[in-house]
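Asks: Contents are compact mmCIF, C-alpha atoms and all ligand atoms; file name target_36.txt:
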# COMPACT_ATOMS: atom_id res chain seq x y z
CA MET X 1 151.82 104.12 119.96
CA SER X 2 150.08 107.02 121.55
CA LEU X 3 149.11 110.11 119.66
CA VAL X 4 149.40 112.41 122.63
CA ASN X 5 152.13 111.85 125.08
CA PHE X 6 150.79 113.31 128.33
CA THR X 7 153.95 112.84 130.28
CA SER X 8 156.27 114.95 128.26
CA PHE X 9 154.46 118.13 127.28
CA ASP X 10 156.74 120.96 126.51
CA PHE X 11 155.01 123.56 128.66
CA GLU X 12 157.50 126.23 127.85
CA GLN X 13 156.79 125.84 124.21
CA LEU X 14 153.06 125.56 124.72
CA PHE X 15 152.68 128.76 126.70
CA ALA X 16 155.56 130.56 125.11
CA MET X 17 156.96 131.33 128.53
CA SER X 18 160.49 131.28 127.35
CA ASP X 19 159.97 134.18 125.06
CA ASP X 20 158.67 136.77 127.51
CA THR X 21 160.24 139.58 125.60
CA ASN X 22 157.94 139.21 122.66
CA PRO X 23 155.50 142.15 123.02
CA LEU X 24 153.03 140.65 120.58
CA MET X 25 152.70 137.48 122.65
CA MET X 26 152.20 139.57 125.78
CA LEU X 27 149.42 141.52 124.11
CA ILE X 28 147.72 138.34 123.03
CA TRP X 29 147.72 137.18 126.65
CA ILE X 30 146.72 140.39 128.29
CA LEU X 31 143.99 141.56 125.96
CA PRO X 32 141.54 138.72 126.69
CA ILE X 33 142.01 139.32 130.41
CA PHE X 34 140.90 142.91 130.05
CA PHE X 35 138.20 141.86 127.67
CA PHE X 36 136.73 139.41 130.18
CA VAL X 37 137.08 141.82 133.08
CA PHE X 38 134.95 144.38 131.32
CA TYR X 39 132.68 142.25 129.19
CA GLY X 40 132.59 138.91 131.05
CA GLN X 41 129.26 139.60 132.69
CA ARG X 42 127.75 140.66 129.45
CA ILE X 43 128.91 137.48 127.76
CA GLN X 44 127.48 135.44 130.60
CA LEU X 45 124.25 137.39 130.26
CA TYR X 46 124.03 136.41 126.61
CA VAL X 47 124.73 132.77 127.30
CA THR X 48 122.21 132.55 130.15
CA SER X 49 119.58 134.58 128.39
CA GLY X 50 119.65 132.11 125.52
CA GLU X 51 118.68 129.33 127.91
CA ILE X 52 116.07 131.42 129.64
CA LYS X 53 114.58 132.46 126.33
CA LYS X 54 114.02 128.79 125.49
CA GLY X 55 112.26 128.31 128.82
CA ILE X 56 110.08 131.35 128.27
CA LYS X 57 109.13 130.15 124.81
CA LYS X 58 108.02 126.88 126.36
CA LEU X 59 106.02 128.70 129.04
CA ASP X 60 104.34 130.74 126.32
CA GLU X 61 103.37 127.53 124.54
CA PHE X 62 102.05 126.07 127.80
CA ARG X 63 99.79 129.02 128.53
CA ASN X 64 98.45 129.10 124.98
CA GLU X 65 97.86 125.37 125.02
CA SER X 66 96.05 125.49 128.35
CA ARG X 67 93.87 128.35 127.13
CA ASP X 68 93.01 126.47 123.91
CA GLU X 69 92.23 123.31 125.86
CA LEU X 70 89.92 125.24 128.16
CA ILE X 71 88.12 126.88 125.26
CA SER X 72 87.73 123.59 123.40
CA TYR X 73 86.47 121.91 126.58
CA VAL X 74 83.89 124.63 127.16
CA ASN X 75 82.76 124.61 123.55
CA LYS X 76 82.56 120.82 123.32
CA ASN X 77 81.15 119.79 126.68
CA LEU X 78 79.23 122.76 128.00
CA LYS X 79 77.51 124.08 124.89
CA PRO X 80 77.72 127.77 125.83
CA ALA X 81 74.93 130.12 124.85
CA ASP X 82 77.29 132.62 123.25
CA ASP X 83 80.98 132.90 122.36
CA PRO X 84 82.90 132.08 125.55
CA ILE X 85 86.34 133.31 124.39
CA PRO X 86 86.20 136.96 125.54
CA LYS X 87 84.82 135.89 128.92
CA ILE X 88 87.46 133.17 129.36
CA ASP X 89 90.25 135.61 128.46
CA ARG X 90 88.97 137.98 131.09
CA PHE X 91 88.87 135.23 133.79
CA ILE X 92 92.38 134.04 132.95
CA ASP X 93 93.77 137.47 133.77
CA TYR X 94 92.06 137.75 137.12
CA PHE X 95 94.49 138.42 139.92
CA THR X 96 94.34 138.03 143.68
CA ILE X 97 95.76 140.58 146.08
CA MET X 98 96.71 139.02 149.39
CA PRO X 99 96.01 141.00 152.57
CA VAL X 100 98.79 142.97 154.30
CA GLU X 101 100.86 141.02 156.80
CA MET X 102 102.07 143.96 158.91
CA ASP X 103 99.43 143.22 161.50
CA PRO X 104 99.10 139.43 161.47
CA ASN X 105 96.16 139.43 163.86
CA GLY X 106 93.22 137.84 162.06
CA ILE X 107 95.10 137.39 158.81
CA VAL X 108 93.98 133.78 158.34
CA ASP X 109 90.35 134.86 158.20
CA LYS X 110 91.22 137.59 155.74
CA VAL X 111 93.14 135.23 153.46
CA GLN X 112 90.35 132.67 153.67
CA HIS X 113 87.79 135.33 152.83
CA ILE X 114 89.71 136.47 149.76
CA VAL X 115 90.43 132.96 148.51
CA ARG X 116 86.85 131.82 149.02
CA SER X 117 85.34 134.85 147.37
CA ARG X 118 87.64 134.31 144.44
CA GLU X 119 86.49 130.68 144.20
CA ASP X 120 82.84 131.65 144.50
CA TYR X 121 83.23 134.37 141.92
CA THR X 122 84.97 132.07 139.43
CA ARG X 123 82.41 129.32 139.97
CA GLU X 124 79.47 131.62 139.34
CA HIS X 125 81.07 133.08 136.25
CA VAL X 126 82.00 129.71 134.81
CA ARG X 127 78.40 128.70 135.45
CA SER X 128 77.22 131.80 133.58
CA LEU X 129 78.93 130.43 130.46
CA SER X 130 76.34 127.71 130.29
CA PRO X 131 73.55 127.69 132.87
CA GLN X 132 72.58 124.02 132.46
CA MET X 133 75.98 122.48 133.18
CA SER X 134 76.29 119.91 135.94
CA ASP X 135 78.30 120.53 139.10
CA ILE X 136 80.90 117.99 137.99
CA GLU X 137 81.42 119.70 134.65
CA LEU X 138 81.54 123.00 136.47
CA SER X 139 84.28 121.85 138.82
CA LYS X 140 86.30 120.50 135.91
CA ALA X 141 85.99 123.75 133.97
CA GLN X 142 86.95 125.68 137.09
CA THR X 143 90.08 123.57 137.58
CA LEU X 144 91.06 124.02 133.93
CA LEU X 145 90.56 127.74 134.33
CA GLU X 146 92.76 127.79 137.42
CA ILE X 147 95.51 125.94 135.54
CA ALA X 148 95.31 128.30 132.56
CA SER X 149 95.30 131.28 134.87
CA SER X 150 98.35 130.04 136.82
CA LEU X 151 100.31 129.33 133.64
CA GLN X 152 99.45 132.78 132.37
CA MET X 153 100.68 134.34 135.61
CA ILE X 154 103.91 132.31 135.60
CA TYR X 155 104.65 133.29 132.03
CA LYS X 156 104.05 136.97 132.74
CA ILE X 157 106.26 137.07 135.82
CA ILE X 158 109.17 135.16 134.28
CA ASN X 159 108.98 137.17 131.08
CA HIS X 160 108.94 140.40 133.08
CA MET X 161 112.04 139.42 135.06
CA TYR X 162 113.84 138.41 131.91
CA LEU X 163 112.99 141.51 129.92
CA THR X 164 113.94 143.80 132.80
CA ALA X 165 117.35 142.16 133.15
CA LYS X 166 117.88 142.32 129.43
CA LYS X 167 116.77 145.93 129.05
CA GLN X 168 119.21 147.08 131.67
CA ASN X 169 121.95 144.67 130.64
CA ASN X 170 121.98 143.62 134.27
CA TYR X 171 123.57 140.24 134.81
CA PRO X 172 122.97 139.94 138.59
CA LEU X 173 119.29 140.51 137.94
CA ILE X 174 119.10 137.45 135.74
CA LEU X 175 120.75 135.16 138.31
CA PRO X 176 117.69 134.54 140.51
CA LEU X 177 115.72 133.83 137.36
CA GLN X 178 118.27 131.27 136.26
CA MET X 179 118.05 129.65 139.68
CA ILE X 180 114.27 129.32 139.90
CA LEU X 181 113.62 128.51 136.24
CA PRO X 182 114.16 124.72 136.48
CA PHE X 183 111.64 124.52 139.36
CA ILE X 184 109.18 126.71 137.51
CA MET X 185 109.55 124.60 134.37
CA GLU X 186 108.95 121.37 136.29
CA GLN X 187 105.81 122.76 137.88
CA SER X 188 104.52 124.26 134.63
CA GLU X 189 105.09 121.06 132.71
CA ALA X 190 103.20 119.16 135.39
CA MET X 191 100.32 121.63 135.20
CA LYS X 192 100.18 121.30 131.44
CA GLU X 193 100.04 117.53 131.72
CA ALA X 194 97.37 117.77 134.39
CA ILE X 195 94.92 119.33 131.93
CA SER X 196 94.09 116.11 130.09
CA VAL X 197 93.77 114.18 133.37
CA PHE X 198 91.23 116.60 134.83
CA LYS X 199 89.41 116.76 131.50
CA LYS X 200 88.95 112.99 131.43
CA GLY X 201 88.00 112.93 135.10
CA GLN X 202 90.79 110.55 136.14
CA PRO X 203 92.18 110.45 139.67
CA VAL X 204 95.43 112.35 140.33
CA GLY X 205 98.19 111.41 142.78
CA ASP X 206 96.88 113.96 145.28
CA GLY X 207 93.60 112.02 145.25
CA ILE X 208 95.00 109.08 147.20
CA GLY X 209 93.52 110.33 150.50
CA PRO X 210 90.01 110.78 149.09
CA MET X 211 90.35 107.45 147.28
CA ILE X 212 91.03 105.54 150.48
CA VAL X 213 88.31 107.27 152.47
CA GLY X 214 85.93 107.15 149.49
CA LYS X 215 86.26 103.37 149.39
CA MET X 216 85.41 103.17 153.09
CA MET X 217 82.31 105.27 152.39
CA LEU X 218 80.90 103.01 149.66
CA GLU X 219 77.36 101.72 150.15
CA ARG X 220 76.75 103.89 153.20
CA GLU X 221 74.48 106.82 153.71
CA LYS X 222 76.15 110.10 152.73
CA GLU X 223 75.38 113.57 153.94
CA THR X 224 76.77 116.94 152.96
CA ILE X 225 78.47 118.40 155.99
CA ALA X 226 80.07 121.48 154.44
CA PHE X 227 80.35 123.02 151.01
CA GLN X 228 81.42 120.25 148.57
CA THR X 229 82.27 118.02 151.52
CA THR X 230 80.74 114.63 152.34
CA LEU X 231 80.33 112.90 155.69
CA VAL X 232 79.63 109.22 156.32
CA LYS X 233 79.08 107.74 159.78
CA SER X 234 80.53 104.29 160.12
CA GLU X 235 81.81 101.86 162.71
CA PHE X 236 85.03 99.98 163.30
CA GLU X 237 85.66 97.49 166.12
CA GLY X 238 83.42 99.26 168.58
CA ARG X 239 84.53 102.77 167.64
CA LYS X 240 82.42 105.36 165.90
CA LEU X 241 83.97 106.69 162.69
CA PHE X 242 83.19 110.00 161.01
CA LEU X 243 84.54 109.76 157.48
CA VAL X 244 85.09 113.07 155.69
CA LYS X 245 86.17 113.76 152.12
CA ALA X 246 85.55 116.28 149.37
CA GLU X 247 82.52 115.44 147.29
CA GLY X 248 83.62 113.51 144.20
CA PRO X 249 83.97 112.83 141.38
CA GLY X 250 84.12 116.56 140.63
CA SER X 251 87.50 118.22 140.91
CA THR X 252 87.51 119.87 144.33
CA VAL X 253 89.28 119.73 147.68
CA GLY X 254 86.11 120.57 149.60
CA ARG X 255 86.14 122.27 152.99
CA PRO X 256 87.21 119.57 155.45
CA ALA X 257 87.93 122.09 158.23
CA ASP X 258 84.35 123.40 158.14
CA GLY X 259 83.15 119.80 158.20
CA LEU X 260 85.34 118.99 161.17
CA GLU X 261 84.11 122.06 163.02
CA LYS X 262 80.53 120.91 162.60
CA ILE X 263 81.29 117.34 163.68
CA VAL X 264 83.19 118.51 166.75
CA SER X 265 80.41 120.91 167.75
CA GLU X 266 77.90 118.05 167.81
CA ASN X 267 79.99 115.09 169.01
CA LYS X 268 82.76 114.32 171.43
CA ILE X 269 85.76 113.36 169.29
CA ASP X 270 88.75 111.46 170.67
CA ALA X 271 91.10 111.48 167.68
CA ILE X 272 91.51 112.90 164.20
CA ILE X 273 93.30 110.93 161.50
CA MET X 274 94.24 112.69 158.27
CA ILE X 275 95.26 110.87 155.10
CA ASP X 276 97.00 113.00 152.51
CA ALA X 277 99.59 113.11 149.76
CA ALA X 278 102.83 114.81 150.74
CA LEU X 279 105.72 116.12 148.71
CA LYS X 280 108.62 113.72 148.71
CA MET X 281 112.14 114.94 149.11
CA GLU X 282 114.54 114.59 146.22
CA GLY X 283 116.08 111.12 146.45
CA GLU X 284 113.19 109.73 148.42
CA ASP X 285 111.22 106.93 146.82
CA SER X 286 107.85 107.78 145.40
CA ALA X 287 104.79 106.22 147.05
CA THR X 288 106.41 105.59 150.42
CA VAL X 289 103.96 105.77 153.28
CA ALA X 290 104.86 107.70 156.42
CA ARG X 291 103.01 108.33 159.68
CA GLY X 292 103.24 111.25 162.04
CA PHE X 293 101.54 113.82 164.22
CA GLY X 294 99.91 117.08 163.22
CA ALA X 295 97.53 118.14 160.50
CA ALA X 296 98.58 116.85 157.08
CA ILE X 297 96.94 119.25 154.68
CA GLY X 298 98.45 121.46 152.00
CA GLY X 299 97.06 124.47 150.26
CA ILE X 300 97.35 128.06 151.32
CA GLY X 301 97.28 127.21 155.03
CA THR X 302 93.86 128.40 156.11
CA GLU X 303 92.34 124.92 156.36
CA LYS X 304 95.35 123.70 158.30
CA PHE X 305 95.09 126.63 160.69
CA GLN X 306 91.39 125.98 161.25
CA ILE X 307 91.90 122.25 161.89
CA GLU X 308 94.74 122.92 164.31
CA ALA X 309 92.66 125.52 166.13
CA ILE X 310 89.74 123.10 166.54
CA ALA X 311 92.01 120.27 167.68
CA THR X 312 93.76 122.49 170.19
CA SER X 313 90.62 124.00 171.66
CA LYS X 314 89.04 120.56 172.18
CA ASN X 315 92.33 118.87 173.05
CA ILE X 316 92.00 116.24 170.32
CA PRO X 317 95.18 114.52 169.09
CA VAL X 318 95.77 114.74 165.33
CA PHE X 319 97.47 111.82 163.57
CA SER X 320 98.56 111.84 159.97
CA ILE X 321 99.41 109.30 157.37
CA VAL X 322 100.93 110.51 154.11
CA VAL X 323 101.84 109.02 150.74
CA LYS X 324 104.97 110.69 149.37
CA GLN X 325 105.08 111.87 145.77
CA SER X 326 106.61 114.52 143.54
CA VAL X 327 104.93 117.75 142.46
CA LYS X 328 104.28 116.22 139.08
CA GLU X 329 102.86 112.97 140.42
CA ALA X 330 100.55 114.91 142.70
CA ILE X 331 98.69 116.67 139.91
CA THR X 332 98.91 114.18 137.05
CA LEU X 333 97.32 110.74 136.60
CA MET X 334 97.87 108.63 139.71
CA THR X 335 100.82 106.29 139.24
CA LYS X 336 100.57 102.55 139.78
CA GLU X 337 102.87 102.75 142.81
CA ILE X 338 100.66 105.33 144.51
CA ALA X 339 97.44 103.48 143.69
CA ASP X 340 98.98 100.27 145.07
CA THR X 341 99.54 101.87 148.48
CA ALA X 342 95.78 102.16 149.05
CA ASP X 343 95.32 98.80 150.80
CA SER X 344 98.39 99.18 152.96
CA VAL X 345 97.40 102.71 154.01
CA ARG X 346 93.94 101.51 154.95
CA GLU X 347 95.48 98.74 157.03
CA GLN X 348 97.72 101.30 158.73
CA VAL X 349 94.73 103.50 159.47
CA ASN X 350 93.07 100.55 161.18
CA GLU X 351 96.26 99.96 163.13
CA MET X 352 96.38 103.61 164.16
CA ILE X 353 92.80 103.42 165.39
CA ARG X 354 93.54 100.30 167.46
CA GLU X 355 96.72 101.78 168.93
CA ASN X 356 95.42 105.20 169.83
CA THR X 357 91.78 104.71 170.81
CA THR X 358 89.68 102.27 172.77
CA GLN X 359 86.17 100.90 172.26
CA GLY X 360 83.46 103.53 172.52
CA HIS X 361 85.69 106.31 171.19
CA SER X 362 84.77 108.51 168.24
CA ILE X 363 87.29 109.19 165.47
CA VAL X 364 87.22 111.60 162.54
CA ILE X 365 89.04 110.32 159.44
CA ILE X 366 89.68 112.93 156.76
CA GLY X 367 90.80 112.06 153.24
CA VAL X 368 92.58 115.23 152.17
CA GLY X 369 93.27 116.18 148.57
CA ASN X 370 91.72 116.79 145.19
CA THR X 371 88.91 114.32 144.69
CA GLY X 372 88.74 114.64 140.89
CA GLY X 373 87.64 111.27 139.49
CA VAL X 374 87.13 109.79 142.97
CA PRO X 375 83.48 109.23 143.95
CA GLN X 376 82.27 107.90 147.29
CA MET R 377 118.18 117.45 124.34
CA ILE R 378 119.52 114.49 122.44
CA PHE R 379 119.63 112.01 125.29
CA LYS R 380 116.25 112.80 126.77
CA LYS R 381 113.94 109.89 126.11
CA LYS R 382 110.35 110.60 125.40
CA LYS R 383 108.08 109.31 128.13
CA ILE R 384 104.62 108.07 127.41
CA THR R 385 101.99 107.21 129.96
CA LEU R 386 99.84 104.15 129.48
CA GLU R 387 96.50 104.34 131.27
CA TYR R 388 95.09 101.26 132.97
CA THR R 389 91.95 100.30 134.84
CA VAL R 390 91.91 97.52 137.43
CA GLU R 391 88.62 95.78 138.11
CA LYS R 392 88.09 93.62 141.14
CA CYS R 393 85.27 91.20 141.86
CA SER R 394 83.57 92.15 145.13
CA LYS R 395 82.65 88.50 145.75
CA CYS R 396 85.64 86.34 144.92
CA GLY R 397 88.31 89.04 144.75
CA VAL R 398 89.64 88.19 141.32
CA GLU R 399 91.45 91.14 139.73
CA GLU R 400 91.64 92.09 136.09
CA LYS R 401 93.84 94.75 134.55
CA ARG R 402 92.86 96.29 131.25
CA LYS R 403 93.43 99.41 129.19
CA TYR R 404 91.62 102.50 130.47
CA SER R 405 88.62 103.40 128.37
CA GLU R 406 86.88 106.75 128.30
CA GLY R 407 84.13 106.95 130.89
CA ASP R 408 85.68 104.63 133.45
CA VAL R 409 84.96 105.96 136.93
CA LEU R 410 86.54 104.68 140.13
CA PHE R 411 84.31 102.43 142.29
CA SER R 412 81.70 101.99 139.56
CA GLN R 413 80.40 98.54 138.70
CA CYS R 414 81.01 97.73 135.11
CA SER R 415 80.84 94.05 134.22
CA LYS R 416 80.07 90.52 135.43
CA CYS R 417 82.83 88.48 136.99
CA THR R 418 84.09 85.68 134.72
CA SER R 419 84.71 83.18 137.52
CA CYS R 420 81.62 83.69 139.69
CA ASP R 421 78.29 85.54 139.51
CA GLY R 422 79.53 88.64 141.33
CA MET R 423 79.95 92.11 139.85
CA MET R 424 83.32 93.63 138.99
CA MET R 425 84.05 97.04 140.52
CA ILE R 426 86.70 99.47 139.30
CA GLU R 427 89.29 99.38 142.04
CA LYS R 428 92.05 101.54 140.60
CA ILE R 429 92.76 103.80 137.67
CA PHE R 430 96.42 104.59 137.16
CA GLY R 431 99.16 105.39 134.67
CA GLU R 432 102.41 103.59 134.01
CA SER R 433 105.15 105.49 132.22
CA LEU R 434 107.24 103.89 129.53
CA GLU R 435 110.43 105.30 128.09
CA GLN R 436 110.60 105.20 124.36
ZN ZN X 501 84.05 86.83 141.12
Output the structure of this file as structure tokens.
Replies:
Amino acid sequence: MSLVNFTSFDFEQLFAMSDDTNPLMMLIWILPIFFFVFYGQRIQLYVTSGEIKKGIKKLDEFRNESRDELISYVNKNLKPADDPIPKIDRFIDYFTIMPVEMDPNGIVDKVQHIVRSREDYTREHVRSLSPQMSDIELSKAQTLLEIASSLQMIYKIINHMYLTAKKQNNYPLILPLQMILPFIMEQSEAMKEAISVFKKGQPVGDGIGPMIVGKMMLEREKETIAFQTTLVKSEFEGRKLFLVKAEGPGSTVGRPADGLEKIVSENKIDAIIMIDAALKMEGEDSATVARGFGAAIGGIGTEKFQIEAIATSKNIPVFSIVVKQSVKEAITLMTKEIADTADSVREQVNEMIRENTTQGHSIVIIGVGNTGGVPQ
Amino acid sequence: MIFKKKKITLEYTVEKCSKCGVEEKRKYSEGDVLFSQCSKCTSCDGMMMIEKIFGESLEQ
């Protein structure tokens, strides 16, 4: 026995089609149509804004949490001379104005100048919280500050978009917000989770490049080639290797392009190999290793530009080897899968050297990425 | 959401003997730094070096 017989619905009865003279039934059918024509968008606005509100509440929690974590870290580990809270609150709200792009000539230098002065400024002011802190502690505090500052900025922008749409009862205005919110939430959640990793000084997924090069550097003489950037000269099957990575285990990406510039100005280089983490596409497996040409380096683009310019002017081929991962994996504790690629990547680097150079050549190998928790 | 499982990350440290290559996986403990030597190898007289520090996620 079936409770609902799907094959013999009485449609006429169900929709009252047979009785089209009944004015009451007609009204019942027509009223909602008018109602939705005029108020449909507003209803949708209410439904969507409920979801967005939840997201914004979460973002608010994230920014407060990150601020509290930063304050507790400073108070616990850095022993500041006086109350750091007002200073920290001021840093968190610092903004960066990017240069105009109308005349692109020389814009890379301008962007680099602004970004670097911001970094220098933040570093000096974090240092002023507690003059005796070590460089490693300093870099950790700076990273935490950057996370807190980004979360603050994200919250403000999203909240602004939401409130504007709501104030003007403007449904189309809320659509782009609804579209980007899932991406924003994913990134913000990752940033929030990254806090504890950087605090403990553990390696992140993005640190796979520095980890591989750092291991090659062990027990060799290190020199500082650029700001927060280490160089080791080594040898491999008759080739001269210049190993470059950011100086660990502090949390920094260093300035590999400056380092490369210096190496190239003093030596004849025949190839550049870059090892980096790269964003995987949705559906792609995490921790897959891929090889290619061109400079594999993320960030705002200034380092990439500089490396490409050097390689072009000296006619040096640039090879890359990347370990794919998601946004979240890149900035949170390195996963087992990513860590396990280390040996295979190193083997592939060796292969690349054998394939593309001959004995007597000189090769620069750059481990790109945040070197937090990765010494050399 | 009702169906979303809570994910927890377990932190591990892998030590490897630089002499005989024996590997040992243990729970991460505060202060572990990559590439640092931490203990004596159990099967030979070499030193164990921290080879990897990573997280494994578990769904609860
Ligand atoms: Zn051993």
Asks: Using all atoms listed in the file, select each residue of chain R with any atom at most 8 Å away from an atom of chain X, and give the selection as a PyMOL selection string.
Replies: chain R and resi 406-407+409-411+428-432
Asks: Could you turn the residues from that selection into a file that holds C-alpha atoms, as an mmCIF file, keeping the file's coordinate frame?
Replies:
data_model
loop_
_atom_site.group_PDB
_atom_site.id
_atom_site.type_symbol
_atom_site.label_atom_id
_atom_site.label_comp_id
_atom_site.auth_asym_id
_atom_site.auth_seq_id
_atom_site.Cartn_x
_atom_site.Cartn_y
_atom_site.Cartn_z
ATOM 1 C CA GLU R 406 86.880 106.750 128.300
ATOM 2 C CA GLY R 407 84.130 106.950 130.890
ATOM 3 C CA VAL R 409 84.960 105.960 136.930
ATOM 4 C CA LEU R 410 86.540 104.680 140.130
ATOM 5 C CA PHE R 411 84.310 102.430 142.290
ATOM 6 C CA LYS R 428 92.050 101.540 140.600
ATOM 7 C CA ILE R 429 92.760 103.800 137.670
ATOM 8 C CA PHE R 430 96.420 104.590 137.160
ATOM 9 C CA GLY R 431 99.160 105.390 134.670
ATOM 10 C CA GLU R 432 102.410 103.590 134.010
#
Asks: Would you pick out the contacts of Ser412 in chain R at 9 Å or less, using only C-alpha atoms, so that residues sharing its chain but fewer than 5 positions from it are not included, and give the list as a ChimeraX atom specification?
Replies: /X:375 /R:424-427
Asks: Taking all atoms listed in the file into account, which residues have an atom no farther than 9 Å from ligand ZN 501 (chain X)? I'd like them as a short mmCIF file (atom, residue, chain, number, x, y, z; two decimals) with C-alpha atoms, in the coordinates of the input.
Replies:
data_model
loop_
_atom_site.label_atom_id
_atom_site.label_comp_id
_atom_site.auth_asym_id
_atom_site.auth_seq_id
_atom_site.Cartn_x
_atom_site.Cartn_y
_atom_site.Cartn_z
CA LYS R 392 88.09 93.62 141.14
CA CYS R 393 85.27 91.20 141.86
CA SER R 394 83.57 92.15 145.13
CA LYS R 395 82.65 88.50 145.75
CA CYS R 396 85.64 86.34 144.92
CA GLY R 397 88.31 89.04 144.75
CA VAL R 398 89.64 88.19 141.32
CA GLU R 399 91.45 91.14 139.73
CA LYS R 416 80.07 90.52 135.43
CA CYS R 417 82.83 88.48 136.99
CA THR R 418 84.09 85.68 134.72
CA SER R 419 84.71 83.18 137.52
CA CYS R 420 81.62 83.69 139.69
CA ASP R 421 78.29 85.54 139.51
CA GLY R 422 79.53 88.64 141.33
CA MET R 423 79.95 92.11 139.85
CA MET R 424 83.32 93.63 138.99
#
Asks: Enter the distance from CA of Leu24 in chain X to CA of Ile43 in chain X, in Å, rounded to one decimal.
Replies: 25.4 Å
Asks: When distances are computed from only C-alpha atoms, which of X:Val264, X:Val322, X:Ile273, X:Ile307 shows the smallest separation from Val289 in chain X?
Replies: X:Val322
Asks: Excluding Tyr404 in chain R and its own-chain neighbours fewer than 5 positions away, which residues fall within 8 Å of it when counting all atoms listed in the file? Please give them as an MDAnalysis selection string.
Replies: chainID R and resid 387:389 429
Asks: Taking 4 positions as the minimum chain separation for residues in the same chain, which residues sit within 12 Å of Ile114 in chain X when counting all atoms listed in the file? Answer as a list in words.
Replies: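 That gives Phe95, Thr96, Ile97, Met98, Pro99, Ile107, Val108, Asp109, Lys110, Arg118, Glu119, Asp120, Tyr121, Ile300 and Thr302 of chain X.
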Asks: Please provide the set of residues having any atom within 7 Å of Ile384 in chain R, restricted to only C-alpha atoms, with same-chain residues fewer than 5 positions apart removed, written as a ChimeraX atom specification.
Replies: /R:433-435
